[in-house]
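Below is one structure, written out as structure tokens; comments come after it.
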Amino acid sequence: MGNAGQEAIIAEAEEFVKTEIRPYVNEFEENKGIPLDLINKMAEKGYLAASFPEEYGGLDLDPIYYGQFTEVFGKACVATRSLLTVHTSLVGETLLRFGTIEQKEKWLPQLASGQQIAAFALSEPDIGSDAKNVQTSWYEEDDCYVLNGTKKWITFGHIASMFIIVAINNGKSTAFLVERSSPGIETYPIEGLMAGQATYLAEIQLNHVKVPKENVLGKLNFGFEYVVATALDQGRYSIAWAGLAIAQEALEAMVSYSHKRTQFNQKLRNFQLIRGMIGDAVTKIHAARALCLKAGKLRKEKHPDATMETTIAKYFTSKVAVEVANDALQVHGGNGFTKDYPVERLYREAKVLEIIEGSSQMQQEIISHYGLRNYYKRGKRS
């Protein structure tokens, strides 16, 4: 598909978000989940498969346009953007990469149509960033593999009908495609959350869940090295644009409020310190967008540096989202703490981005190793 076709999809998505999502975001949180009929509408538009090839029912957006598509949803509603991150990027794109022909032909059209809603089950009650050491286990029986364990913080886990579940055997991990209908699966909603209130976060308990042998995704005993590493990379790319989306939305809210709000007989925009916050926010967002676009370009080219540039973009935009949302809340003052304005929600949701798909500290470690390897000049005097 050419650029004009992809731009038309972005424009259509903007109109969809404007009419079907933006007016109802507070209701989604109050009702503890985005409506299932909204998910169905997104599926009918092809949005749940925006990055899939057309042969599987997708819109075939390239990485740059898919990032912009993610931003459209992320500006208005974190929950619908989270669905894209998990269902489309973490699960769908991973299936595209590692699935057998039979797995792709079976699952991808169902994901595209919304017949199946997918979730990625890696994190556990005691395992987050230390993902190589998951405790959920698997063992082999004659005609299947059997899973036992608990997963936690699984986005859309409470309504998902299929999962990628990562389990371990003798220190080696494997990724499995698991259907909710399998006996032994129970999900429990996680409530009382600071953010993610409309994303059906769940704990998943697996009690002797039998998985057909043809449902291994990728290679047996290489789940982390291949499937998880790739899925997290795809998730980080989505989260990089999610951080940009929140920051952009917060900037627009801050600027709009500064035009309308009067203090000391002046509009807020006339105060130098307020303009300083706005100037900093604009600069950070322009830098964040440049990093996202660079990562997207390298991903489109399948460049070997794409993964590192994605990591850098995710790290930077998640920090920028927190900083700009914080300043936007400050500019709004007391009004910013009410649901009459979006900044209290943006502030809460921004913080999550510094934790999911690898915490900021993990990203710093990864980036530092890259820096130590690539920027050391032998013999150069300090």
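Labeling convention for the structure tokens: chains A, B, ... as they appear, residues from 1 per chain, ligands from 1 in order of appearance.
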
Original post:
DSSP says strand (DSSP E) for which residues of stretch 66-251 of chain A? Put them as number ranges by chain?
Top reply: A: 118-121, 137-140, 144-154, 162-169, 172-179, 185-189, 202-212, 216-217

Output C-alpha atoms of each residue in that selection to a file, as an mmCIF file, in the first residue's frame.
data_model
loop_
_atom_site.group_PDB
_atom_site.id
_atom_site.type_symbol
_atom_site.label_atom_id
_atom_site.label_comp_id
_atom_site.auth_asym_id
_atom_site.auth_seq_id
_atom_site.Cartn_x
_atom_site.Cartn_y
_atom_site.Cartn_z
ATOM 1 C CA ALA A 118 -5.456 -11.938 22.583
ATOM 2 C CA ALA A 119 -3.257 -11.254 25.606
ATOM 3 C CA PHE A 120 0.447 -11.767 26.300
ATOM 4 C CA ALA A 121 1.075 -13.588 29.590
ATOM 5 C CA SER A 137 6.115 -24.479 34.534
ATOM 6 C CA TRP A 138 5.402 -26.958 31.783
ATOM 7 C CA TYR A 139 5.942 -30.667 31.392
ATOM 8 C CA GLU A 140 5.303 -33.093 28.573
ATOM 9 C CA CYS A 144 0.344 -32.445 24.908
ATOM 10 C CA TYR A 145 2.201 -30.099 27.234
ATOM 11 C CA VAL A 146 0.799 -29.306 30.673
ATOM 12 C CA LEU A 147 1.096 -25.816 32.249
ATOM 13 C CA ASN A 148 0.927 -24.838 35.915
ATOM 14 C CA GLY A 149 1.443 -21.439 37.497
ATOM 15 C CA THR A 150 0.160 -17.905 37.921
ATOM 16 C CA LYS A 151 0.472 -14.878 35.657
ATOM 17 C CA LYS A 152 -0.267 -11.332 36.832
ATOM 18 C CA TRP A 153 -0.713 -7.828 35.414
ATOM 19 C CA ILE A 154 -1.956 -9.275 32.135
ATOM 20 C CA MET A 162 -6.422 -16.726 23.682
ATOM 21 C CA PHE A 163 -3.003 -16.127 25.203
ATOM 22 C CA ILE A 164 0.669 -16.415 24.522
ATOM 23 C CA ILE A 165 1.861 -17.945 27.796
ATOM 24 C CA VAL A 166 5.538 -18.301 28.674
ATOM 25 C CA ALA A 167 6.487 -21.230 30.906
ATOM 26 C CA ILE A 168 9.709 -22.918 31.998
ATOM 27 C CA ASN A 169 11.039 -26.483 32.166
ATOM 28 C CA LYS A 172 14.437 -23.338 29.635
ATOM 29 C CA SER A 173 11.385 -21.348 28.554
ATOM 30 C CA THR A 174 8.813 -22.032 25.863
ATOM 31 C CA ALA A 175 5.967 -19.917 24.500
ATOM 32 C CA PHE A 176 2.572 -21.569 24.055
ATOM 33 C CA LEU A 177 -0.621 -20.542 22.279
ATOM 34 C CA VAL A 178 -3.339 -21.246 24.832
ATOM 35 C CA GLU A 179 -7.102 -20.961 24.435
ATOM 36 C CA ILE A 185 -7.683 -21.650 33.256
ATOM 37 C CA GLU A 186 -9.183 -19.082 35.633
ATOM 38 C CA THR A 187 -8.823 -15.297 35.389
ATOM 39 C CA TYR A 188 -9.438 -12.729 38.114
ATOM 40 C CA PRO A 189 -9.731 -8.982 37.532
ATOM 41 C CA ALA A 202 -6.073 -9.786 35.300
ATOM 42 C CA GLU A 203 -4.339 -12.512 37.210
ATOM 43 C CA ILE A 204 -4.372 -15.842 35.380
ATOM 44 C CA GLN A 205 -4.197 -19.140 37.223
ATOM 45 C CA LEU A 206 -3.161 -22.224 35.297
ATOM 46 C CA ASN A 207 -3.979 -25.572 36.894
ATOM 47 C CA HIS A 208 -2.845 -28.541 34.800
ATOM 48 C CA VAL A 209 -3.775 -26.804 31.553
ATOM 49 C CA LYS A 210 -3.236 -29.132 28.601
ATOM 50 C CA VAL A 211 -1.894 -27.531 25.432
ATOM 51 C CA PRO A 212 -1.716 -29.374 22.091
ATOM 52 C CA VAL A 216 4.140 -24.313 20.678
ATOM 53 C CA LEU A 217 5.073 -20.903 19.285
#

May I have a table of the residues of stretch 154-217 of chain A lying at most 9 Å from stretch 349-362 of chain A, giving each one's closest pair of atoms and their distance in Å to one decimal, counting only C-alpha atoms, ordered by chain and ascending residue number, as a Markdown table?
| residue | atom | partner | partner_atom | distance |
| --- | --- | --- | --- | --- |
| A:Met194 | CA | A:Glu349 | CA | 8.0 |
| A:Ala195 | CA | A:Glu349 | CA | 5.4 |
| A:Gly196 | CA | A:Glu349 | CA | 7.0 |

Subject >> 7 Å contact set for A:Glu309, only C-alpha atoms, chain neighbours under 4 positions out, as a PyMOL selection string >> reply: chain A and resi 295+305+313

**OP:** Check the DSSP output for the backbone and give back, as an NGL selection string, the residues of stretch 57-128 of chain A in alpha helix (DSSP H).
**Re:** :A and (63-76 or 78-83 or 94-98 or 101-113)

Output the selection as an mmCIF file, in the first residue's frame - N, CA and C atoms for each residue.
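Final file, result03.cif:
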data_model
loop_
_atom_site.group_PDB
_atom_site.id
_atom_site.type_symbol
_atom_site.label_atom_id
_atom_site.label_comp_id
_atom_site.auth_asym_id
_atom_site.auth_seq_id
_atom_site.Cartn_x
_atom_site.Cartn_y
_atom_site.Cartn_z
ATOM 1 N N PRO A 63 5.710 0.229 9.575
ATOM 2 C CA PRO A 63 5.991 0.624 10.958
ATOM 3 C C PRO A 63 5.792 2.105 11.258
ATOM 4 N N ILE A 64 6.156 2.981 10.328
ATOM 5 C CA ILE A 64 5.999 4.416 10.589
ATOM 6 C C ILE A 64 4.524 4.780 10.709
ATOM 7 N N TYR A 65 3.724 4.324 9.764
ATOM 8 C CA TYR A 65 2.295 4.655 9.812
ATOM 9 C C TYR A 65 1.589 3.922 10.957
ATOM 10 N N TYR A 66 2.048 2.725 11.274
ATOM 11 C CA TYR A 66 1.452 2.026 12.410
ATOM 12 C C TYR A 66 1.750 2.772 13.716
ATOM 13 N N GLY A 67 2.949 3.345 13.806
ATOM 14 C CA GLY A 67 3.250 4.165 14.974
ATOM 15 C C GLY A 67 2.326 5.367 15.064
ATOM 16 N N GLN A 68 2.112 6.045 13.944
ATOM 17 C CA GLN A 68 1.203 7.193 13.935
ATOM 18 C C GLN A 68 -0.231 6.768 14.248
ATOM 19 N N PHE A 69 -0.619 5.608 13.756
ATOM 20 C CA PHE A 69 -1.928 5.037 14.054
ATOM 21 C C PHE A 69 -2.069 4.803 15.566
ATOM 22 N N THR A 70 -1.032 4.257 16.170
ATOM 23 C CA THR A 70 -1.013 4.038 17.621
ATOM 24 C C THR A 70 -1.164 5.360 18.366
ATOM 25 N N GLU A 71 -0.484 6.381 17.885
ATOM 26 C CA GLU A 71 -0.559 7.695 18.537
ATOM 27 C C GLU A 71 -1.975 8.254 18.506
ATOM 28 N N VAL A 72 -2.684 8.063 17.399
ATOM 29 C CA VAL A 72 -4.057 8.570 17.282
ATOM 30 C C VAL A 72 -4.923 8.033 18.417
ATOM 31 N N PHE A 73 -4.831 6.740 18.668
ATOM 32 C CA PHE A 73 -5.621 6.138 19.741
ATOM 33 C C PHE A 73 -5.057 6.507 21.111
ATOM 34 N N GLY A 74 -3.724 6.543 21.216
ATOM 35 C CA GLY A 74 -3.097 6.812 22.509
ATOM 36 C C GLY A 74 -3.340 8.203 23.040
ATOM 37 N N LYS A 75 -3.523 9.175 22.155
ATOM 38 C CA LYS A 75 -3.811 10.539 22.606
ATOM 39 C C LYS A 75 -5.162 10.603 23.310
ATOM 40 N N ALA A 76 -6.132 9.897 22.769
ATOM 41 C CA ALA A 76 -7.495 9.997 23.287
ATOM 42 C C ALA A 76 -7.772 9.028 24.417
ATOM 43 N N VAL A 78 -5.985 5.630 26.558
ATOM 44 C CA VAL A 78 -4.909 4.674 26.797
ATOM 45 C C VAL A 78 -5.405 3.239 26.666
ATOM 46 N N ALA A 79 -6.640 2.965 27.054
ATOM 47 C CA ALA A 79 -7.143 1.593 27.032
ATOM 48 C C ALA A 79 -7.227 1.035 25.624
ATOM 49 N N THR A 80 -7.759 1.821 24.678
ATOM 50 C CA THR A 80 -7.830 1.319 23.305
ATOM 51 C C THR A 80 -6.439 1.200 22.705
ATOM 52 N N ARG A 81 -5.546 2.116 23.045
ATOM 53 C CA ARG A 81 -4.159 1.977 22.581
ATOM 54 C C ARG A 81 -3.519 0.725 23.188
ATOM 55 N N SER A 82 -3.824 0.426 24.441
ATOM 56 C CA SER A 82 -3.280 -0.777 25.074
ATOM 57 C C SER A 82 -3.744 -2.039 24.363
ATOM 58 N N LEU A 83 -4.982 -2.031 23.878
ATOM 59 C CA LEU A 83 -5.475 -3.171 23.118
ATOM 60 C C LEU A 83 -4.635 -3.383 21.867
ATOM 61 N N THR A 94 3.965 -11.123 16.784
ATOM 62 C CA THR A 94 4.812 -12.248 17.187
ATOM 63 C C THR A 94 4.395 -13.521 16.463
ATOM 64 N N LEU A 95 3.091 -13.702 16.316
ATOM 65 C CA LEU A 95 2.595 -14.835 15.532
ATOM 66 C C LEU A 95 3.067 -14.737 14.078
ATOM 67 N N LEU A 96 3.024 -13.543 13.540
ATOM 68 C CA LEU A 96 3.503 -13.337 12.173
ATOM 69 C C LEU A 96 4.964 -13.741 12.026
ATOM 70 N N ARG A 97 5.746 -13.448 13.052
ATOM 71 C CA ARG A 97 7.186 -13.700 12.995
ATOM 72 C C ARG A 97 7.521 -15.175 13.231
ATOM 73 N N PHE A 98 6.879 -15.800 14.215
ATOM 74 C CA PHE A 98 7.316 -17.132 14.636
ATOM 75 C C PHE A 98 6.290 -18.237 14.407
ATOM 76 N N ILE A 101 2.879 -21.919 9.349
ATOM 77 C CA ILE A 101 1.858 -21.552 8.366
ATOM 78 C C ILE A 101 0.475 -21.886 8.904
ATOM 79 N N GLU A 102 0.367 -23.052 9.533
ATOM 80 C CA GLU A 102 -0.928 -23.478 10.068
ATOM 81 C C GLU A 102 -1.384 -22.570 11.195
ATOM 82 N N GLN A 103 -0.470 -22.191 12.085
ATOM 83 C CA GLN A 103 -0.824 -21.291 13.194
ATOM 84 C C GLN A 103 -1.272 -19.940 12.679
ATOM 85 N N LYS A 104 -0.555 -19.410 11.704
ATOM 86 C CA LYS A 104 -0.914 -18.092 11.171
ATOM 87 C C LYS A 104 -2.253 -18.138 10.450
ATOM 88 N N GLU A 105 -2.479 -19.171 9.673
ATOM 89 C CA GLU A 105 -3.742 -19.266 8.952
ATOM 90 C C GLU A 105 -4.923 -19.463 9.900
ATOM 91 N N LYS A 106 -4.675 -20.102 11.032
ATOM 92 C CA LYS A 106 -5.747 -20.324 12.002
ATOM 93 C C LYS A 106 -6.032 -19.084 12.831
ATOM 94 N N TRP A 107 -4.980 -18.471 13.373
ATOM 95 C CA TRP A 107 -5.173 -17.463 14.402
ATOM 96 C C TRP A 107 -5.264 -16.041 13.871
ATOM 97 N N LEU A 108 -4.455 -15.678 12.897
ATOM 98 C CA LEU A 108 -4.390 -14.273 12.494
ATOM 99 C C LEU A 108 -5.710 -13.736 11.942
ATOM 100 N N PRO A 109 -6.429 -14.464 11.093
ATOM 101 C CA PRO A 109 -7.739 -13.944 10.659
ATOM 102 C C PRO A 109 -8.712 -13.781 11.828
ATOM 103 N N GLN A 110 -8.623 -14.657 12.822
ATOM 104 C CA GLN A 110 -9.497 -14.539 13.994
ATOM 105 C C GLN A 110 -9.126 -13.321 14.841
ATOM 106 N N LEU A 111 -7.839 -13.028 14.941
ATOM 107 C CA LEU A 111 -7.411 -11.824 15.656
ATOM 108 C C LEU A 111 -7.838 -10.580 14.897
ATOM 109 N N ALA A 112 -7.728 -10.625 13.570
ATOM 110 C CA ALA A 112 -8.091 -9.476 12.754
ATOM 111 C C ALA A 112 -9.582 -9.166 12.860
ATOM 112 N N SER A 113 -10.401 -10.188 12.879
ATOM 113 C CA SER A 113 -11.851 -10.006 12.900
ATOM 114 C C SER A 113 -12.407 -9.742 14.288
#

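Shortest atom-to-atom contact with A:Leu36 among A:Ile117, A:Leu193, A:Val343, A:Leu90: A:Ile117, counting only C-alpha atoms.
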
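Minimum distance to A:Val320 across A:Pro125, A:Pro183, A:Gly58, A:Gly243 (counting only C-alpha atoms) occurs at A:Gly243.
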
Subject >> Contacts of A:Met254 within 9 Å, only C-alpha atoms, excl. fewer than 6 positions in-chain, as a PyMOL selection string >> reply: chain A and resi 278+325+327-329+331-332+343

How about saving the chosen residues, C-alpha atoms kept, as an mmCIF file, in the first residue's frame?
data_model
loop_
_atom_site.group_PDB
_atom_site.id
_atom_site.type_symbol
_atom_site.label_atom_id
_atom_site.label_comp_id
_atom_site.auth_asym_id
_atom_site.auth_seq_id
_atom_site.Cartn_x
_atom_site.Cartn_y
_atom_site.Cartn_z
ATOM 1 C CA ILE A 278 5.398 25.074 27.265
ATOM 2 C CA ALA A 325 1.953 15.429 31.987
ATOM 3 C CA ASP A 327 3.797 20.180 33.951
ATOM 4 C CA ALA A 328 0.346 20.117 32.355
ATOM 5 C CA LEU A 329 -1.166 19.200 35.705
ATOM 6 C CA VAL A 331 -0.518 24.545 34.875
ATOM 7 C CA HIS A 332 -4.082 23.381 35.501
ATOM 8 C CA VAL A 343 -4.569 15.916 32.654
#
